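Chemist: So I've got this file, coords_35.txt, and it contains compact mmCIF, C-alpha atoms:
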```txt
# COMPACT_ATOMS: atom_id res chain seq x y z
CA MET H 19 2.91 -15.23 -8.03
CA SER H 20 3.48 -14.13 -4.43
CA GLN H 21 2.88 -10.62 -3.17
CA PRO H 22 5.80 -8.22 -3.78
CA GLU H 23 8.07 -7.51 -0.84
CA GLN H 24 6.34 -4.90 1.28
CA ARG H 25 9.07 -2.30 1.55
CA ARG H 26 10.16 0.79 -0.34
CA ILE H 27 13.11 0.21 -2.67
CA VAL H 28 14.48 3.00 -4.85
CA ALA H 29 16.73 0.98 -7.13
CA THR H 30 17.11 3.59 -9.90
CA ALA H 31 16.13 7.15 -10.58
CA ILE H 32 12.36 7.27 -10.95
CA PRO H 33 11.48 6.84 -13.75
CA GLY H 34 14.28 4.40 -14.49
CA PRO H 35 15.74 3.47 -17.87
CA ALA H 36 13.26 0.69 -18.66
CA SER H 37 10.26 2.88 -17.86
CA THR H 38 11.78 5.74 -19.82
CA ALA H 39 12.19 3.55 -22.90
CA LEU H 40 8.59 2.36 -22.60
CA GLN H 41 7.45 5.94 -22.16
CA GLU H 42 9.01 6.80 -25.51
CA GLN H 43 7.10 3.94 -27.12
CA ARG H 44 3.93 5.09 -25.41
CA SER H 45 4.37 8.59 -26.80
CA ALA H 46 4.67 7.18 -30.29
CA GLU H 47 1.69 4.83 -30.05
CA LEU H 48 -0.91 6.40 -27.75
CA ALA H 49 -3.18 9.40 -28.07
CA GLY H 50 -1.75 12.49 -26.42
CA GLY H 51 -4.97 13.10 -24.52
CA LEU H 52 -4.24 10.17 -22.20
CA GLY H 53 -2.61 11.70 -19.16
CA THR H 54 -0.21 10.15 -16.66
CA THR H 55 0.58 10.84 -13.02
CA MET H 56 3.84 8.96 -12.55
CA PRO H 57 5.70 7.90 -15.72
CA VAL H 58 6.62 4.40 -14.61
CA PHE H 59 5.52 1.06 -16.04
CA VAL H 60 4.34 -1.53 -13.52
CA GLU H 61 5.63 -5.10 -13.47
CA ARG H 62 3.52 -6.25 -10.49
CA ALA H 63 1.72 -4.86 -7.49
CA GLY H 64 0.03 -5.95 -4.28
CA GLY H 65 -0.54 -4.98 -0.68
CA GLY H 66 0.81 -1.46 -0.33
CA VAL H 67 3.48 -1.65 -3.05
CA VAL H 68 3.75 -1.10 -6.81
CA VAL H 69 6.86 -2.61 -8.46
CA ASP H 70 8.00 -1.02 -11.71
CA VAL H 71 9.96 -2.56 -14.56
CA ASP H 72 13.20 -1.11 -13.15
CA GLY H 73 12.76 -2.90 -9.83
CA ASN H 74 11.64 0.11 -7.82
CA HIS H 75 9.21 -0.77 -5.02
CA ILE H 76 6.95 2.27 -4.78
CA ILE H 77 4.64 2.78 -1.79
CA ASP H 78 1.10 3.08 -3.09
CA LEU H 79 -0.93 5.99 -1.74
CA ALA H 80 -3.24 5.99 -4.77
CA SER H 81 -4.88 2.53 -5.01
CA GLY H 82 -5.47 3.11 -8.72
CA ILE H 83 -7.66 6.08 -7.70
CA ALA H 84 -9.45 4.30 -4.83
CA VAL H 85 -9.89 1.05 -6.77
CA THR H 86 -7.50 -1.49 -5.24
CA SER H 87 -8.64 -1.09 -1.64
CA VAL H 88 -7.87 -4.78 -0.96
CA GLY H 89 -4.58 -4.50 -2.85
CA ALA H 90 -3.87 -5.00 -6.53
CA ALA H 91 -3.51 -8.80 -6.35
CA HIS H 92 -5.37 -10.08 -3.29
CA PRO H 93 -5.23 -13.90 -3.31
CA GLU H 94 -8.97 -14.32 -2.78
CA VAL H 95 -9.78 -11.98 -5.66
CA VAL H 96 -7.20 -13.61 -7.92
CA ARG H 97 -8.56 -17.08 -7.07
CA ARG H 98 -12.10 -16.15 -7.96
CA ILE H 99 -11.06 -14.41 -11.18
CA THR H 100 -9.04 -17.45 -12.25
CA GLU H 101 -11.82 -19.92 -11.49
CA GLN H 102 -14.40 -17.86 -13.38
CA ALA H 103 -12.13 -17.19 -16.37
CA GLU H 104 -11.57 -20.93 -16.71
CA ARG H 105 -15.34 -21.46 -16.89
CA PHE H 106 -16.26 -18.57 -19.23
CA THR H 107 -15.28 -14.92 -19.64
CA HIS H 108 -18.46 -13.53 -21.17
CA THR H 109 -21.95 -14.35 -22.33
CA CYS H 110 -23.67 -10.96 -21.91
CA PHE H 111 -26.07 -11.22 -18.99
CA LEU H 112 -28.85 -9.83 -21.17
CA VAL H 113 -28.49 -12.86 -23.47
CA THR H 114 -27.74 -15.79 -21.15
CA GLN H 115 -27.57 -15.29 -17.41
CA TYR H 116 -25.17 -16.39 -14.66
CA GLU H 117 -25.35 -16.50 -10.88
CA GLY H 118 -22.50 -14.11 -10.15
CA PHE H 119 -24.47 -11.12 -11.43
CA VAL H 120 -27.36 -11.93 -9.10
CA GLU H 121 -25.03 -12.60 -6.16
CA VAL H 122 -23.29 -9.21 -6.53
CA ALA H 123 -26.67 -7.49 -6.72
CA ALA H 124 -27.83 -9.28 -3.58
CA ALA H 125 -24.68 -8.19 -1.73
CA LEU H 126 -25.16 -4.57 -2.76
CA ASN H 127 -28.83 -4.65 -1.78
CA ARG H 128 -27.73 -5.88 1.65
CA LEU H 129 -24.78 -3.54 2.19
CA THR H 130 -26.09 -0.17 0.97
CA PRO H 131 -27.83 2.08 3.51
CA GLY H 132 -31.46 1.56 4.45
CA ASP H 133 -33.66 -1.44 5.21
CA HIS H 134 -36.21 -0.73 2.46
CA ALA H 135 -36.70 -3.09 -0.48
CA LYS H 136 -33.86 -2.57 -2.96
CA LYS H 137 -32.81 -3.72 -6.39
CA THR H 138 -29.55 -3.36 -8.34
CA ALA H 139 -28.41 -3.04 -11.94
CA LEU H 140 -24.77 -3.70 -12.84
CA PHE H 141 -22.72 -1.77 -15.38
CA THR H 142 -19.05 -1.40 -16.31
CA THR H 143 -17.79 2.09 -15.35
CA GLY H 144 -18.60 4.78 -12.83
CA SER H 145 -19.75 7.13 -15.56
CA GLU H 146 -22.21 4.50 -16.75
CA ALA H 147 -23.53 4.07 -13.22
CA VAL H 148 -24.17 7.80 -12.80
CA GLU H 149 -25.71 8.11 -16.25
CA ASN H 150 -28.03 5.18 -15.59
CA ALA H 151 -29.00 6.58 -12.19
CA VAL H 152 -30.16 9.71 -14.00
CA LYS H 153 -32.04 7.61 -16.55
CA ILE H 154 -33.80 5.75 -13.73
CA ALA H 155 -34.67 8.98 -11.92
CA ARG H 156 -36.07 10.51 -15.11
CA ALA H 157 -38.11 7.40 -15.89
CA ALA H 158 -39.47 7.26 -12.34
CA THR H 159 -40.41 10.93 -12.07
CA GLY H 160 -41.16 11.92 -15.65
CA ARG H 161 -38.99 14.99 -15.10
CA PRO H 162 -35.93 16.17 -17.06
CA ALA H 163 -33.70 18.26 -14.78
CA VAL H 164 -30.65 17.15 -12.79
CA VAL H 165 -29.11 19.28 -10.04
CA VAL H 166 -25.43 18.85 -9.13
CA LEU H 167 -22.89 20.65 -6.94
CA GLY H 168 -19.99 22.90 -7.74
CA HIS H 169 -16.61 21.07 -7.61
CA ALA H 170 -18.41 17.83 -8.52
CA TYR H 171 -16.89 15.04 -10.56
CA HIS H 172 -19.24 12.44 -12.02
CA GLY H 173 -17.45 11.14 -15.13
CA ARG H 174 -16.34 11.68 -18.72
CA THR H 175 -19.34 10.69 -20.85
CA LEU H 176 -21.41 13.49 -22.35
CA LEU H 177 -23.97 13.60 -19.55
CA THR H 178 -21.56 12.99 -16.69
CA MET H 179 -19.01 15.40 -18.16
CA SER H 180 -21.79 17.99 -18.21
CA MET H 181 -22.45 17.20 -14.54
CA THR H 182 -18.75 17.55 -13.66
CA GLY H 183 -17.67 20.95 -12.39
CA LYS H 184 -14.04 21.30 -13.49
CA ASN H 185 -13.38 22.55 -17.00
CA VAL H 186 -9.72 21.62 -17.62
CA PRO H 187 -9.01 18.83 -18.39
CA TYR H 188 -12.43 17.18 -18.24
CA LYS H 189 -14.61 19.50 -20.35
CA ASP H 190 -12.50 22.03 -22.21
CA GLY H 191 -13.15 21.86 -25.94
CA PHE H 192 -15.68 19.03 -25.68
CA GLY H 193 -18.95 21.01 -25.79
CA PRO H 194 -21.78 21.50 -26.39
CA PHE H 195 -22.88 19.75 -23.23
CA ALA H 196 -25.98 17.85 -22.24
CA PRO H 197 -29.02 20.02 -21.41
CA GLU H 198 -31.04 20.18 -18.20
CA VAL H 199 -28.04 20.07 -15.83
CA TYR H 200 -28.11 22.77 -13.15
CA ARG H 201 -25.25 23.52 -10.76
CA VAL H 202 -25.50 24.91 -7.24
CA PRO H 203 -22.69 26.00 -4.90
CA SER H 204 -20.94 23.25 -2.99
CA PRO H 205 -20.49 23.92 0.74
CA TYR H 206 -16.68 24.11 0.66
CA PRO H 207 -15.95 25.26 4.22
CA PHE H 208 -12.30 26.22 3.66
CA ARG H 209 -13.26 28.54 0.81
CA TRP H 210 -16.74 29.70 1.81
CA PRO H 211 -16.78 33.50 1.38
CA SER H 212 -18.58 34.32 4.65
CA GLY H 213 -16.74 31.70 6.68
CA PRO H 214 -17.04 27.95 7.23
CA GLU H 215 -19.71 28.37 9.89
CA HIS H 216 -22.11 29.71 7.24
CA ALA H 217 -21.33 27.23 4.46
CA ALA H 218 -24.12 24.71 5.10
CA GLU H 219 -26.89 27.25 5.65
CA GLU H 220 -26.01 29.47 2.70
CA ALA H 221 -25.36 26.57 0.31
CA LEU H 222 -28.74 25.10 1.24
CA ALA H 223 -30.40 28.43 0.61
CA ALA H 224 -28.84 28.55 -2.86
CA LEU H 225 -29.97 24.99 -3.54
CA ARG H 226 -33.54 25.76 -2.49
CA GLU H 227 -33.63 28.86 -4.68
CA THR H 228 -32.38 26.95 -7.70
CA VAL H 229 -34.71 23.98 -7.22
CA LEU H 230 -37.84 25.88 -6.20
CA THR H 231 -37.53 29.12 -8.17
CA GLN H 232 -35.10 28.88 -11.06
CA VAL H 233 -35.85 25.33 -12.24
CA GLY H 234 -39.07 24.41 -10.45
CA ALA H 235 -39.15 21.36 -8.22
CA HIS H 236 -41.74 19.74 -10.46
CA ASN H 237 -39.09 19.69 -13.22
CA VAL H 238 -36.26 18.15 -11.15
CA ALA H 239 -35.74 14.42 -11.52
CA ALA H 240 -32.65 14.06 -9.34
CA ILE H 241 -30.17 15.78 -7.08
CA VAL H 242 -26.81 13.99 -7.44
CA ALA H 243 -24.09 14.52 -4.84
CA GLU H 244 -20.85 12.91 -3.71
CA PRO H 245 -20.95 12.48 0.10
CA ILE H 246 -17.31 13.57 0.01
CA GLN H 247 -16.26 15.25 -3.22
CA GLY H 248 -13.37 13.33 -4.75
CA GLU H 249 -11.71 14.94 -7.76
CA GLY H 250 -12.98 18.31 -6.55
CA GLY H 251 -10.56 18.15 -3.63
CA PHE H 252 -11.83 15.70 -0.97
CA ILE H 253 -14.31 18.29 0.23
CA VAL H 254 -16.24 17.09 3.29
CA PRO H 255 -19.67 18.73 3.58
CA PRO H 256 -20.56 20.43 6.87
CA ALA H 257 -22.57 18.40 9.36
CA GLY H 258 -26.25 18.35 8.49
CA TYR H 259 -25.91 19.51 4.90
CA LEU H 260 -26.44 16.18 3.13
CA LYS H 261 -29.33 15.28 5.41
CA ALA H 262 -31.03 18.59 4.60
CA VAL H 263 -30.50 18.01 0.87
CA GLN H 264 -32.06 14.57 1.17
CA GLU H 265 -35.04 16.02 3.07
CA LEU H 266 -35.56 18.72 0.43
CA ALA H 267 -35.50 16.08 -2.28
CA THR H 268 -37.96 13.84 -0.47
CA GLU H 269 -40.33 16.75 0.20
CA HIS H 270 -40.59 17.49 -3.51
CA GLY H 271 -40.54 13.98 -4.95
CA ILE H 272 -36.97 14.37 -6.23
CA VAL H 273 -34.67 11.34 -6.36
CA PHE H 274 -31.59 11.81 -4.16
CA VAL H 275 -28.58 10.03 -5.68
CA ALA H 276 -25.42 9.45 -3.63
CA ASP H 277 -22.41 9.10 -5.91
CA GLU H 278 -20.29 6.72 -3.80
CA ILE H 279 -18.00 5.73 -6.64
CA GLN H 280 -14.83 6.99 -4.91
CA THR H 281 -16.07 6.88 -1.31
CA GLY H 282 -17.72 3.47 -1.19
CA PHE H 283 -16.79 0.14 0.37
CA GLY H 284 -15.07 1.20 3.56
CA ARG H 285 -12.83 3.93 2.17
CA THR H 286 -14.05 6.62 4.61
CA GLY H 287 -14.35 4.45 7.72
CA ALA H 288 -17.95 3.52 6.98
CA MET H 289 -19.10 1.07 4.35
CA PHE H 290 -20.61 4.09 2.54
CA ALA H 291 -19.72 7.72 3.22
CA CYS H 292 -23.33 8.91 3.42
CA GLU H 293 -23.67 6.83 6.60
CA HIS H 294 -21.52 9.41 8.43
CA ASP H 295 -24.38 11.87 7.93
CA GLY H 296 -27.25 9.46 8.60
CA VAL H 297 -28.38 9.71 4.99
CA VAL H 298 -30.28 6.92 3.23
CA PRO H 299 -30.18 7.75 -0.50
CA ASP H 300 -32.86 6.78 -2.97
CA LEU H 301 -30.16 5.57 -5.37
CA VAL H 302 -26.47 4.79 -4.75
CA THR H 303 -23.88 4.57 -7.52
CA THR H 304 -20.77 2.45 -6.98
CA ALA H 305 -17.74 1.34 -8.99
CA LYS H 306 -13.97 1.69 -8.29
CA ALA H 307 -13.35 -0.49 -5.18
CA LEU H 308 -16.31 -2.77 -5.95
CA ALA H 309 -14.37 -5.39 -7.90
CA GLY H 310 -10.75 -5.09 -6.76
CA GLY H 311 -9.49 -3.66 -10.04
CA MET H 312 -11.89 -5.28 -12.49
CA PRO H 313 -14.31 -2.99 -14.37
CA LEU H 314 -17.67 -3.16 -12.60
CA ALA H 315 -20.20 -0.55 -11.52
CA ALA H 316 -23.68 -0.53 -10.09
CA VAL H 317 -26.81 1.44 -9.33
CA THR H 318 -28.60 0.24 -6.20
CA GLY H 319 -31.80 1.78 -4.93
CA ARG H 320 -35.40 1.68 -3.92
CA ALA H 321 -37.10 -1.21 -5.68
CA GLU H 322 -39.96 0.90 -7.01
CA LEU H 323 -37.51 3.34 -8.60
CA MET H 324 -35.31 0.63 -10.07
CA ASP H 325 -38.38 -1.04 -11.60
CA SER H 326 -39.55 2.17 -13.29
CA VAL H 327 -37.50 1.44 -16.42
CA ALA H 328 -39.06 -0.97 -18.93
CA PRO H 329 -37.23 -4.23 -19.72
CA GLY H 330 -34.38 -3.56 -22.14
CA GLY H 331 -33.98 0.04 -21.01
CA LEU H 332 -30.93 -0.76 -18.86
CA GLY H 333 -27.86 -2.79 -19.67
CA GLY H 334 -24.79 -2.97 -21.85
CA THR H 335 -22.73 -5.59 -23.63
CA TYR H 336 -20.16 -5.89 -20.85
CA ALA H 337 -22.41 -4.84 -17.96
CA GLY H 338 -21.83 -7.14 -15.00
CA ASN H 339 -19.15 -9.16 -16.77
CA PRO H 340 -18.84 -12.58 -15.08
CA VAL H 341 -15.13 -12.27 -14.31
CA ALA H 342 -15.69 -8.83 -12.80
CA CYS H 343 -18.60 -10.20 -10.75
CA ALA H 344 -16.37 -12.98 -9.41
CA ALA H 345 -13.77 -10.38 -8.44
CA ALA H 346 -16.43 -8.32 -6.69
CA LEU H 347 -17.63 -11.26 -4.62
CA GLY H 348 -14.06 -11.87 -3.51
CA THR H 349 -13.46 -8.20 -2.79
CA LEU H 350 -16.62 -7.78 -0.72
CA GLU H 351 -15.82 -10.92 1.24
CA VAL H 352 -12.35 -9.61 2.10
CA ILE H 353 -13.66 -6.17 3.12
CA GLU H 354 -16.19 -7.68 5.52
CA ARG H 355 -14.12 -10.65 6.75
CA ASP H 356 -10.94 -8.68 7.39
CA GLY H 357 -12.58 -5.64 9.00
CA LEU H 358 -11.33 -3.16 6.39
CA VAL H 359 -13.97 -0.57 7.31
CA GLU H 360 -12.43 -0.43 10.77
CA ARG H 361 -8.96 -0.48 9.20
CA ALA H 362 -9.79 2.73 7.34
CA ARG H 363 -10.54 4.37 10.68
CA GLU H 364 -7.23 3.07 12.06
CA ILE H 365 -5.42 4.59 9.08
CA GLU H 366 -7.03 7.96 9.75
CA ALA H 367 -6.12 7.81 13.45
CA ARG H 368 -2.51 7.05 12.56
CA VAL H 369 -2.02 9.48 9.68
CA ARG H 370 -4.23 12.50 10.34
CA PRO H 371 -2.35 13.85 13.40
CA ARG H 372 0.88 13.83 11.40
CA LEU H 373 -0.75 15.68 8.53
CA GLU H 374 -2.27 18.26 10.86
CA ALA H 375 1.15 18.83 12.40
CA LEU H 376 2.28 20.10 8.99
CA GLN H 377 0.04 23.16 9.35
CA GLY H 378 1.12 26.36 11.05
CA ALA H 379 2.77 29.70 10.43
CA GLY H 380 4.68 29.75 7.16
CA SER H 381 3.31 26.39 6.05
CA PRO H 382 1.76 25.90 2.61
CA VAL H 383 -0.71 23.41 4.13
CA GLY H 384 -3.91 25.40 4.40
CA GLU H 385 -6.20 22.58 5.49
CA VAL H 386 -6.16 18.88 6.29
CA ARG H 387 -9.45 17.12 5.62
CA GLY H 388 -11.13 13.86 4.72
CA ARG H 389 -12.39 10.75 6.46
CA GLY H 390 -10.89 7.33 7.02
CA ALA H 391 -8.33 6.43 4.39
CA MET H 392 -9.48 9.30 2.16
CA LEU H 393 -7.34 12.20 3.38
CA ALA H 394 -6.02 15.35 1.76
CA LEU H 395 -3.79 18.39 2.12
CA GLU H 396 -4.88 21.64 0.45
CA LEU H 397 -1.83 23.70 -0.55
CA VAL H 398 -1.93 27.51 -0.48
CA ARG H 399 0.35 30.52 -0.40
CA PRO H 400 1.32 30.63 3.28
CA GLY H 401 -0.92 32.87 5.32
CA THR H 402 -3.62 33.02 2.63
CA THR H 403 -6.22 30.81 0.96
CA GLU H 404 -4.75 31.45 -2.50
CA PRO H 405 -4.42 28.09 -4.26
CA ALA H 406 -0.84 26.92 -4.83
CA PRO H 407 -0.97 24.24 -7.54
CA ASP H 408 2.75 24.60 -8.20
CA ILE H 409 3.51 23.66 -4.59
CA ALA H 410 1.18 20.66 -4.83
CA ARG H 411 2.94 19.50 -7.98
CA ALA H 412 6.35 19.98 -6.36
CA ILE H 413 5.34 17.94 -3.31
CA ALA H 414 3.96 15.15 -5.49
CA ALA H 415 7.11 15.14 -7.64
CA HIS H 416 9.31 14.95 -4.51
CA CYS H 417 7.31 11.97 -3.28
CA HIS H 418 7.53 10.26 -6.67
CA ARG H 419 11.31 10.66 -6.81
CA GLU H 420 11.52 9.07 -3.35
CA GLY H 421 9.33 6.11 -4.24
CA VAL H 422 5.94 7.19 -2.90
CA LEU H 423 2.98 7.43 -5.27
CA THR H 424 0.66 10.34 -4.47
CA LEU H 425 -2.08 12.02 -6.50
CA VAL H 426 -2.94 15.67 -7.07
CA CYS H 427 -6.60 16.70 -7.35
CA GLY H 428 -8.91 19.64 -6.65
CA THR H 429 -10.70 22.16 -8.80
CA PHE H 430 -7.63 24.40 -8.47
CA GLY H 431 -5.11 21.54 -8.80
CA ASN H 432 -3.72 22.27 -5.35
CA VAL H 433 -4.73 19.24 -3.28
CA ILE H 434 -2.58 16.22 -2.44
CA ARG H 435 -4.87 13.25 -1.80
CA LEU H 436 -4.00 10.06 0.02
CA LEU H 437 -5.83 6.86 -0.93
CA PRO H 438 -3.72 3.99 0.42
CA PRO H 439 -4.94 0.42 0.02
CA LEU H 440 -6.84 -0.52 3.16
CA VAL H 441 -4.51 -3.51 3.49
CA ILE H 442 -1.28 -1.47 3.48
CA PRO H 443 1.13 -2.50 6.26
CA MET H 444 1.22 0.21 8.90
CA ASP H 445 5.02 0.47 8.91
CA LEU H 446 4.94 1.08 5.17
CA LEU H 447 2.25 3.74 5.64
CA ASP H 448 4.36 5.42 8.32
CA GLU H 449 7.35 5.51 5.96
CA ALA H 450 5.26 7.01 3.16
CA VAL H 451 3.97 9.77 5.45
CA ALA H 452 7.56 10.53 6.50
CA VAL H 453 8.46 11.07 2.83
CA LEU H 454 5.40 13.33 2.46
CA GLU H 455 6.48 15.29 5.55
CA SER H 456 9.93 15.85 4.05
CA ALA H 457 8.34 16.93 0.76
CA VAL H 458 6.20 19.55 2.52
CA ALA H 459 9.22 20.76 4.48
CA ALA H 460 11.19 21.14 1.24
CA ALA H 461 8.34 23.19 -0.26
CA ARG H 462 8.30 25.77 2.53
```
Output the structure of this file as structure tokens.
Modeler:
Amino acid sequence: MSQPEQRRIVATAIPGPASTALQEQRSAELAGGLGTTMPVFVERAGGGVVVDVDGNHIIDLASGIAVTSVGAAHPEVVRRITEQAERFTHTCFLVTQYEGFVEVAAALNRLTPGDHAKKTALFTTGSEAVENAVKIARAATGRPAVVVLGHAYHGRTLLTMSMTGKNVPYKDGFGPFAPEVYRVPSPYPFRWPSGPEHAAEEALAALRETVLTQVGAHNVAAIVAEPIQGEGGFIVPPAGYLKAVQELATEHGIVFVADEIQTGFGRTGAMFACEHDGVVPDLVTTAKALAGGMPLAAVTGRAELMDSVAPGGLGGTYAGNPVACAAALGTLEVIERDGLVERAREIEARVRPRLEALQGAGSPVGEVRGRGAMLALELVRPGTTEPAPDIARAIAAHCHREGVLTLVCGTFGNVIRLLPPLVIPMDLLDEAVAVLESAVAAAR
């Protein structure tokens, strides 16, 4: 099937009658705990467009939460998936092996930061990757504790949910939580009490106190951090902060884990976001954009750390599924061949000035932040830093009605995040931003 026409078409009210009927069926059949952002049902998607069952062509500024960076049906990815599925869909790599698993690992060993010897283990979801990174760090160090940041999001499993900062909806009612998880303040410049200029220094001081005094460095297996915090609100750490965290970890034999699940593979204008800060992590977790929409995740890191777990200690029935591995090889080829890292920087150069122009007296846009094609607006009561989640929801709803898919995130639910596919046509991106501009204007 060819790519959908790359233009916005609002054929019906959104959601339309067909989606509304399917939504009623969904409500009857699915657990209520499964949320939804935009209540439409998709018929096909590709490039920068999602087409629903009512014929609406919706501009995609979500990429399935940073997953479909090469589009939702890139021909190279589809070709590789089809060829592999015709050969076999599963064997379990831990039972009988296949080349694709090894080829994906080799690509990740090559692409992740640092020229040291590396090894990789493949998994299925981002949560699994983070959880296994902690397992590896604990096995390598013989220590139990894990230190994470405020506003962090690391997943929905017991351990990763415990590591996640936001209570509702990710943690509320699901306790008790995993032990030996310690949280330190995240340097959130826009909200730092003594001002953004003090965020890095004071957050580092709090981290040092927690690691050295409250927990004891000799008890800390890993410090886990997102180079740009995703669900927490696209929070970009101040210059020098991540490097200082890495240095503290190295000084005390602590494994520094970069959670690049949302930021990885060109999204921020570098192949990995930690490269912006000159950081070479001990372990890197990846998922989302790795396999172009297929479920695949990985932990990549220093060979001596990765080999600290005994045979059989890592794995999973579906870990490194062969069809997902084929998709990943296609996705990585497209990202490198088509210069999508540079394309993310072009997207930022085109979009960011228009977003920043939305700020000013009387505007609910308190801050514009992000890197590359990972950009955000934080919405506040004009003239204050008081979070305005209702305004964020209203802006998102306006965009949805007009055929532009946007996502809300942030610890306070007041951040509009933009995650367009890196292959989105620029004229389509311009049109989507124009709709966003009109939504902000309507919210004033």
Chemist: Could I get the residues of segment 338-384 of chain H with an atom no further than 8 Å from an atom of segment 114-126 of chain H, each paired with its nearest atom pair and that distance in Å to one decimal, using only C-alpha atoms, sorted by chain and residue number, as JSON lines?
Modeler:
```
{"residue": "H:Gly338", "atom": "CA", "partner": "H:Phe119", "partner_atom": "CA", "distance": 6.0}
{"residue": "H:Asn339", "atom": "CA", "partner": "H:Phe119", "partner_atom": "CA", "distance": 7.8}
{"residue": "H:Pro340", "atom": "CA", "partner": "H:Gly118", "partner_atom": "CA", "distance": 6.3}
{"residue": "H:Cys343", "atom": "CA", "partner": "H:Gly118", "partner_atom": "CA", "distance": 5.6}
{"residue": "H:Ala344", "atom": "CA", "partner": "H:Gly118", "partner_atom": "CA", "distance": 6.3}
{"residue": "H:Ala346", "atom": "CA", "partner": "H:Val122", "partner_atom": "CA", "distance": 6.9}
{"residue": "H:Leu347", "atom": "CA", "partner": "H:Val122", "partner_atom": "CA", "distance": 6.3}
```
Chemist: Restricted to C-alpha atoms, what would the selected residues look like written as a JSON list (two decimals), keeping the file's coordinate frame?
Modeler:
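out.json, freshly written:
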```json
[["chain", "number", "residue", "atom", "x", "y", "z"],
["H", 338, "GLY", "CA", -21.83, -7.14, -15.00],
["H", 339, "ASN", "CA", -19.15, -9.16, -16.77],
["H", 340, "PRO", "CA", -18.84, -12.58, -15.08],
["H", 343, "CYS", "CA", -18.60, -10.20, -10.75],
["H", 344, "ALA", "CA", -16.37, -12.98, -9.41],
["H", 346, "ALA", "CA", -16.43, -8.32, -6.69],
["H", 347, "LEU", "CA", -17.63, -11.26, -4.62]]
```
Chemist: One decimal, in Å: what's the spacing between atom CA of Val186 of chain H and atom CA of Leu167 of chain H?
Modeler: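 Result for atom CA of Val186 of chain H versus atom CA of Leu167 of chain H: 17.0 Å, one decimal.
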Chemist: So how far away is atom CA of Met181 of chain H from atom CA of Arg128 of chain H, in Å?
Modeler: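 Separation between atom CA of Arg128 of chain H and atom CA of Met181 of chain H: 28.7 Å.
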Chemist: Restricting the calculation to all atoms listed in the file: of H:Phe283, H:Phe430, H:Phe106, H:Tyr336, which residue gets closest to Arg361 of chain H?
Modeler: H:Phe283
Chemist: Which one is closest to Ala90 of chain H: H:Leu440, H:Pro299, H:Phe59, H:Glu455? Count all atoms listed in the file.
Modeler: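 Looking only at the distances to Ala90 of chain H, the closest residue turns out to be H:Leu440.
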Chemist: Which one of H:Ile365, H:Ala240, H:Ala410, H:Val297 sits closest to Ile442 of chain H if you count all atoms listed in the file?
Modeler: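 The shortest atom-to-atom distance to Ile442 of chain H comes from H:Ile365.
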Chemist: Could you please determine the separation between atom CA of Pro205 of chain H and atom CA of Phe274 of chain H in Å, to one decimal place?
Modeler: 17.1 Å
Chemist: Calculated over all atoms listed in the file, which of the candidates H:Glu61, H:Glu278, H:Asp70, H:Glu322 has the smallest distance to Gly34 of chain H?
Modeler: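 Comparing H:Glu61, H:Glu278, H:Asp70, H:Glu322 against Gly34 of chain H, the winner is H:Asp70.
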Chemist: Determine the nearest neighbour of Arg435 of chain H from the options H:His108, H:Arg226, H:His416, H:Arg389, counting only C-alpha atoms.
Modeler: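 Going through H:His108, H:Arg226, H:His416, H:Arg389 one by one, the smallest distance to Arg435 of chain H is for H:Arg389.
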Chemist: Since the input is missing atoms, can you rebuild N, CA, C and O atoms for segment 307-313 of chain H and write them as an mmCIF file, in the frame of the given file?
Modeler:
```cif
data_model
loop_
_atom_site.group_PDB
_atom_site.id
_atom_site.type_symbol
_atom_site.label_atom_id
_atom_site.label_comp_id
_atom_site.auth_asym_id
_atom_site.auth_seq_id
_atom_site.Cartn_x
_atom_site.Cartn_y
_atom_site.Cartn_z
ATOM 1 N N ALA H 307 -13.792 0.579 -6.084
ATOM 2 C CA ALA H 307 -13.350 -0.490 -5.180
ATOM 3 C C ALA H 307 -14.238 -1.721 -5.214
ATOM 4 O O ALA H 307 -13.923 -2.725 -4.577
ATOM 5 N N LEU H 308 -15.337 -1.675 -5.943
ATOM 6 C CA LEU H 308 -16.310 -2.770 -5.950
ATOM 7 C C LEU H 308 -15.702 -4.102 -6.352
ATOM 8 O O LEU H 308 -16.035 -5.134 -5.772
ATOM 9 N N ALA H 309 -14.826 -4.114 -7.340
ATOM 10 C CA ALA H 309 -14.370 -5.390 -7.900
ATOM 11 C C ALA H 309 -12.846 -5.536 -7.872
ATOM 12 O O ALA H 309 -12.278 -6.257 -8.693
ATOM 13 N N GLY H 310 -12.174 -4.861 -6.964
ATOM 14 C CA GLY H 310 -10.750 -5.090 -6.760
ATOM 15 C C GLY H 310 -9.875 -4.844 -7.960
ATOM 16 O O GLY H 310 -8.809 -5.453 -8.081
ATOM 17 N N GLY H 311 -10.286 -3.977 -8.867
ATOM 18 C CA GLY H 311 -9.490 -3.660 -10.040
ATOM 19 C C GLY H 311 -10.130 -4.080 -11.339
ATOM 20 O O GLY H 311 -9.699 -3.647 -12.416
ATOM 21 N N MET H 312 -11.157 -4.902 -11.283
ATOM 22 C CA MET H 312 -11.890 -5.280 -12.490
ATOM 23 C C MET H 312 -12.979 -4.249 -12.764
ATOM 24 O O MET H 312 -13.520 -3.655 -11.832
ATOM 25 N N PRO H 313 -13.315 -4.028 -14.040
ATOM 26 C CA PRO H 313 -14.310 -2.990 -14.370
ATOM 27 C C PRO H 313 -15.734 -3.451 -14.044
ATOM 28 O O PRO H 313 -16.273 -4.335 -14.705
#
```
